[in-house]
Each structure stands twice: as structure tokens, then as C-alpha cells.
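What's in model-v1.txt: compact mmCIF, C-alpha atoms and all ligand atoms
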```
# COMPACT_ATOMS: atom_id res chain seq x y z
CA MET A 1 0.00 0.00 0.00
CA GLY A 2 1.66 3.27 -1.13
CA LYS A 3 1.68 6.56 0.69
CA PHE A 4 -0.89 7.98 -1.71
CA HIS A 5 -3.33 5.19 -1.01
CA LEU A 6 -3.07 5.69 2.74
CA ARG A 7 -3.74 9.37 2.42
CA ARG A 8 -6.83 8.64 0.38
CA ILE A 9 -8.21 6.32 3.02
CA TRP A 10 -7.53 8.96 5.66
CA THR A 11 -9.41 11.56 3.60
CA ILE A 12 -12.38 9.27 3.17
CA ALA A 13 -12.44 8.54 6.90
CA LEU A 14 -12.39 12.26 7.72
CA THR A 15 -15.14 13.01 5.20
CA THR A 16 -17.32 10.26 6.64
CA ALA A 17 -16.82 11.59 10.16
CA THR A 18 -17.77 15.13 9.08
CA LEU A 19 -20.87 13.92 7.26
CA GLY A 20 -21.81 11.89 10.32
CA ILE A 21 -21.78 15.00 12.49
CA ALA A 22 -23.82 16.97 9.93
CA ALA A 23 -26.43 14.21 9.69
CA HIS A 24 -26.67 14.08 13.45
CA ALA A 25 -27.22 17.84 13.75
CA ALA A 26 -30.01 17.77 11.17
CA ALA A 27 -31.70 14.82 12.86
CA ALA A 28 -32.41 16.59 16.13
CA GLY A 29 -36.00 15.34 16.17
CA ASP A 30 -36.93 11.71 16.75
CA PRO A 31 -39.48 10.56 14.15
CA VAL A 32 -40.61 7.59 16.26
CA ALA A 33 -41.44 9.82 19.23
CA GLY A 34 -42.89 12.28 16.71
CA LYS A 35 -45.33 9.73 15.39
CA THR A 36 -46.80 9.37 18.88
CA ALA A 37 -46.75 13.10 19.53
CA TYR A 38 -48.53 13.66 16.20
CA GLY A 39 -51.60 12.31 18.00
CA ALA A 40 -52.13 15.88 19.26
CA CYS A 41 -52.39 17.11 15.66
CA MET A 42 -54.84 14.36 14.76
CA ALA A 43 -57.65 16.21 16.49
CA CYS A 44 -57.68 18.24 13.26
CA HIS A 45 -55.24 16.66 10.78
CA SER A 46 -54.36 13.37 9.19
CA ILE A 47 -51.55 12.41 6.87
CA ASP A 48 -53.75 11.59 3.89
CA ASP A 49 -57.14 13.27 4.34
CA ASN A 50 -58.34 16.83 4.64
CA ASP A 51 -60.22 17.29 7.90
CA VAL A 52 -60.50 20.42 10.08
CA GLY A 53 -56.93 21.01 8.82
CA PRO A 54 -55.28 20.04 5.52
CA ALA A 55 -53.71 16.62 4.84
CA HIS A 56 -50.04 16.51 5.85
CA ARG A 57 -48.41 14.07 3.43
CA GLY A 58 -45.46 15.84 1.77
CA VAL A 59 -45.90 19.00 3.87
CA VAL A 60 -42.16 19.40 4.57
CA GLY A 61 -40.83 21.41 1.62
CA ARG A 62 -44.29 22.27 0.27
CA LYS A 63 -45.69 25.74 -0.34
CA ALA A 64 -48.32 26.72 2.26
CA GLY A 65 -51.98 26.63 1.33
CA THR A 66 -51.71 24.26 -1.62
CA VAL A 67 -53.43 20.97 -0.68
CA PRO A 68 -56.18 20.48 -3.30
CA GLY A 69 -59.72 20.57 -1.94
CA PHE A 70 -58.86 22.17 1.41
CA ASN A 71 -60.57 25.45 2.22
CA TYR A 72 -57.65 27.53 3.55
CA SER A 73 -57.87 30.95 5.15
CA ILE A 74 -56.97 33.71 2.71
CA ALA A 75 -54.17 34.66 5.12
CA LEU A 76 -52.40 31.31 4.84
CA LYS A 77 -53.08 30.92 1.13
CA ASN A 78 -51.42 34.29 0.48
CA SER A 79 -48.62 33.88 3.02
CA GLY A 80 -45.96 32.83 0.51
CA ILE A 81 -44.52 30.47 3.14
CA VAL A 82 -42.63 27.34 2.17
CA TRP A 83 -42.81 24.72 4.92
CA THR A 84 -39.16 24.17 5.72
CA PRO A 85 -38.59 22.46 9.11
CA GLU A 86 -37.65 25.89 10.53
CA MET A 87 -40.90 27.46 9.30
CA ILE A 88 -43.02 24.63 10.69
CA ASP A 89 -41.21 25.10 14.00
CA ARG A 90 -42.10 28.79 14.04
CA TRP A 91 -45.68 28.00 12.97
CA LEU A 92 -46.19 25.53 15.80
CA GLN A 93 -45.04 28.08 18.36
CA GLY A 94 -47.99 30.29 17.43
CA PRO A 95 -49.70 30.11 14.05
CA GLN A 96 -51.40 33.51 14.62
CA ASN A 97 -48.04 35.18 15.21
CA LEU A 98 -46.57 33.82 11.99
CA VAL A 99 -49.72 34.26 9.89
CA PRO A 100 -52.24 36.70 11.40
CA GLY A 101 -55.71 35.62 10.29
CA THR A 102 -54.97 31.90 10.01
CA LYS A 103 -57.63 29.51 11.23
CA MET A 104 -55.28 27.09 12.98
CA PHE A 105 -55.77 27.64 16.70
CA PHE A 106 -53.24 25.37 18.32
CA ALA A 107 -49.66 25.81 19.53
CA LEU A 108 -47.00 23.57 21.00
CA GLY A 109 -44.73 25.07 23.64
CA ASP A 110 -42.26 22.19 23.90
CA ALA A 111 -39.32 22.51 21.47
CA LYS A 112 -38.40 18.82 21.60
CA THR A 113 -41.97 17.74 20.83
CA ARG A 114 -42.03 20.16 17.88
CA ALA A 115 -38.74 18.78 16.56
CA ASP A 116 -39.98 15.19 16.92
CA ILE A 117 -43.23 15.93 15.08
CA ILE A 118 -41.37 17.74 12.29
CA ALA A 119 -38.98 14.78 11.97
CA TYR A 120 -41.98 12.46 11.71
CA LEU A 121 -43.69 14.65 9.09
CA ALA A 122 -40.45 14.65 7.06
CA THR A 123 -40.76 10.86 6.76
CA GLN A 124 -44.32 11.15 5.36
CA LYS A 125 -43.33 12.09 1.82
C1 LIG A 201 -57.61 22.63 16.44
C2 LIG A 201 -57.32 22.12 15.12
C3 LIG A 201 -55.86 21.96 14.73
C4 LIG A 201 -54.86 21.31 15.43
C5 LIG A 201 -54.96 20.58 16.75
C6 LIG A 201 -53.69 21.39 14.59
N1 LIG A 201 -53.95 22.08 13.44
FE1 LIG A 201 -52.64 22.45 11.92
N2 LIG A 201 -54.11 23.41 10.89
C7 LIG A 201 -55.41 23.57 11.31
C8 LIG A 201 -56.14 24.36 10.35
C9 LIG A 201 -57.61 24.76 10.42
C10 LIG A 201 -55.22 24.68 9.33
C11 LIG A 201 -55.47 25.56 8.11
C12 LIG A 201 -55.12 26.99 8.52
C13 LIG A 201 -55.53 28.07 7.54
O1 LIG A 201 -56.10 27.77 6.47
O2 LIG A 201 -55.30 29.23 7.89
C14 LIG A 201 -53.95 24.06 9.69
C15 LIG A 201 -52.79 24.14 8.95
C16 LIG A 201 -51.59 23.54 9.26
C17 LIG A 201 -50.40 23.59 8.48
C18 LIG A 201 -50.26 24.29 7.12
C19 LIG A 201 -50.43 23.22 6.05
C20 LIG A 201 -50.52 23.71 4.63
O3 LIG A 201 -50.94 22.90 3.78
O4 LIG A 201 -50.20 24.88 4.34
C21 LIG A 201 -49.45 22.88 9.13
C22 LIG A 201 -48.01 22.65 8.69
C23 LIG A 201 -50.05 22.39 10.33
N3 LIG A 201 -51.35 22.81 10.40
C24 LIG A 201 -49.39 21.58 11.24
C25 LIG A 201 -49.97 21.12 12.41
C26 LIG A 201 -49.30 20.25 13.34
C27 LIG A 201 -47.91 19.66 13.13
C28 LIG A 201 -50.13 20.05 14.39
C29 LIG A 201 -49.88 19.27 15.66
C30 LIG A 201 -48.72 19.68 16.42
C31 LIG A 201 -51.36 20.79 14.10
N4 LIG A 201 -51.21 21.43 12.90
C32 LIG A 201 -52.47 20.84 14.94
C33 LIG A 201 -55.96 23.09 12.47
C34 LIG A 201 -55.28 22.42 13.48
```

How does this structure look as C-alpha cells?
Ligand code: HEC
Amino acid sequence: MGKFHLRRIWTIALTTATLGIAAHAAAAGDPVAGKTAYGACMACHSIDDNDVGPAHRGVVGRKAGTVPGFNYSIALKNSGIVWTPEMIDRWLQGPQNLVPGTKMFFALGDAKTRADIIAYLATQK
């Protein structure tokens, strides 16, 4: 094994370690715990059906107010929001603060629970 080859292996090992840290930081929420915690949302939402609130499948990364057949508030429809994990986190801290005039009246104070639910929603593509 030449010197060059060794250096290559070392580089790959370093890269893998760096990626590992990045993946860990992004995965702050626990999707398994989030699935249970999502029960609180199910008073009004489900993954696949419109109910009091719009269906959630694919919500992470989607533009707000765009599920077909759901009767959104004008405020949310015109918000221009894209549901990144960060935006959903802000939304869940107080929908009325983020989008005055929305008709979602529910907030979650616990940051860990929000992160878990967002991680769960991200798996429901
Ligand atoms: C009391 C009923 C209720 C509860 C509980 C509720 N929501 Fe909602 N949600 C709504 C309604 C109604 C809307 C539509 C708001 C509008 O049109 O202004 C909505 C909209 C949303 C949207 C925007 C979706 C889109 O298509 O733009 C997200 C994201 C969302 N809710 C997440 C959640 C999560 C996550 C939970 C649980 C932590 C939750 N909601 C709990 C009623 C609720």
C-alpha cells in the first residue's frame, strides 16, 4: 500500500466523520417519538385526508396553502410560506403570530416535541 493510497483512506475517513456530524445535527428530532406526539395534531389533521386542517403528506418542503380541496384561510393561502422544518417550527409556536388571520388555533410550547413531530412529518413524503 503506497503513501498515496493511505492518504486517500484517511481523507475518506475524515469526510465520513464530518458527514456523520452533519447528519446528526439535522436529525435533532426523533421521528418515532414524533409519530406518537402527532396524536395531538390528529384532532384536526391526518396524513392523507383533509379534515379540520389540511392533509399533511409531503408537507415538509411544500408551499403553504396548496393541498387540493382544502378550504384555507386567505391569510395562509397568500402567506408565501414554504414549509421548511424551521418554518413549521415557528408556525407551531404560534400560528397567529406567523400568519395573522390563520384559522389554525393550536400551539405547541415544547421545542423537543415540535422537533420530533417535524422529523416524523419529514418521513411522510
Ligand atoms: C384545532 C385544530 C388543529 C390542530 C390541533 C392542529 N392544526 Fe394544523 N391546521 C389547522 C387548520 C384549520 C389549518 C389551516 C389553517 C388556515 O387555512 O389558515 C392548519 C394548517 C396547518 C399547516 C399548514 C399546512 C398547509 O398545507 O399549508 C401545518 C403545517 C399544520 N397545520 C401543522 C400542524 C401540526 C404539526 C399540528 C400538531 C402539532 C397541528 N397542525 C395541529 C388546524 C389544526

Kindly assemble as CSV a list of the chain A residues that lie within 7 Å of ligand LIG 201 (chain A), each paired with its nearest atom pair and their distance in Å to one decimal, using only C-alpha atoms and all ligand atoms, sorted first by chain and then by ascending residue number.
```
residue,atom,partner,partner_atom,distance
A:Tyr38,CA,A:LIG201,C29,5.8
A:Ala40,CA,A:LIG201,C29,5.4
A:Cys41,CA,A:LIG201,C29,3.3
A:Met42,CA,A:LIG201,C5,6.5
A:Ala43,CA,A:LIG201,C5,5.1
A:Cys44,CA,A:LIG201,C2,4.3
A:His45,CA,A:LIG201,N1,6.2
A:Val52,CA,A:LIG201,C9,5.2
A:Gly53,CA,A:LIG201,C8,3.8
A:Pro54,CA,A:LIG201,O3,5.5
A:Ala55,CA,A:LIG201,O3,6.9
A:His56,CA,A:LIG201,C19,6.7
A:Val59,CA,A:LIG201,O3,6.4
A:Lys63,CA,A:LIG201,O4,6.6
A:Ala64,CA,A:LIG201,O4,3.4
A:Gly65,CA,A:LIG201,O4,3.9
A:Thr66,CA,A:LIG201,O3,5.6
A:Val67,CA,A:LIG201,O3,5.5
A:Asn71,CA,A:LIG201,O1,6.6
A:Tyr72,CA,A:LIG201,O1,3.3
A:Ser73,CA,A:LIG201,O1,3.9
A:Ala75,CA,A:LIG201,O2,6.2
A:Leu76,CA,A:LIG201,O2,4.7
A:Lys77,CA,A:LIG201,O1,6.9
A:Trp83,CA,A:LIG201,C22,6.7
A:Ile88,CA,A:LIG201,C22,5.7
A:Leu92,CA,A:LIG201,C30,6.4
A:Gly101,CA,A:LIG201,O2,6.8
A:Thr102,CA,A:LIG201,O2,3.4
A:Lys103,CA,A:LIG201,O2,4.1
A:Met104,CA,A:LIG201,C8,3.9
A:Phe105,CA,A:LIG201,C1,5.3
A:Phe106,CA,A:LIG201,C4,5.2
A:Ala107,CA,A:LIG201,C30,6.9
A:Leu108,CA,A:LIG201,C30,6.3
A:Arg114,CA,A:LIG201,C30,6.9
A:Ile117,CA,A:LIG201,C27,6.3
A:Ile118,CA,A:LIG201,C27,6.9
```

Quiz item: How many Å lie between atom CA of A:Asp30 and atom CA of A:Arg57, rounded to one decimal?
Solution: 17.7 Å

Quiz item: Near stretch 111-113 of chain A, within 7 Å and counting all atoms listed in the file, which residues show up once chain neighbours fewer than 3 positions away are dropped, as a ChimeraX atom specification?
Solution: /A:29,34,37,116-117

Starting from 8 Å padding per side, set up an axis-aligned box that covers all listed atoms of stretch 30-39 of chain A and hand over centre and edge lengths in Å, one decimal, as JSON.
```
{"center_x": -44.3, "center_y": 10.6, "center_z": 16.8, "size_x": 30.7, "size_y": 22.1, "size_z": 21.4}
```

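Here the question is which of A:Asp89, A:Val82, A:Ala28, A:Gly58 gets nearest to A:Ser46 using only C-alpha atoms, and that residue is A:Gly58.
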
Practice problem: One decimal, Å: what's the distance from atom CA of A:Gly61 over to atom CA of A:Thr84, could you say? | Solution: 5.2 Å
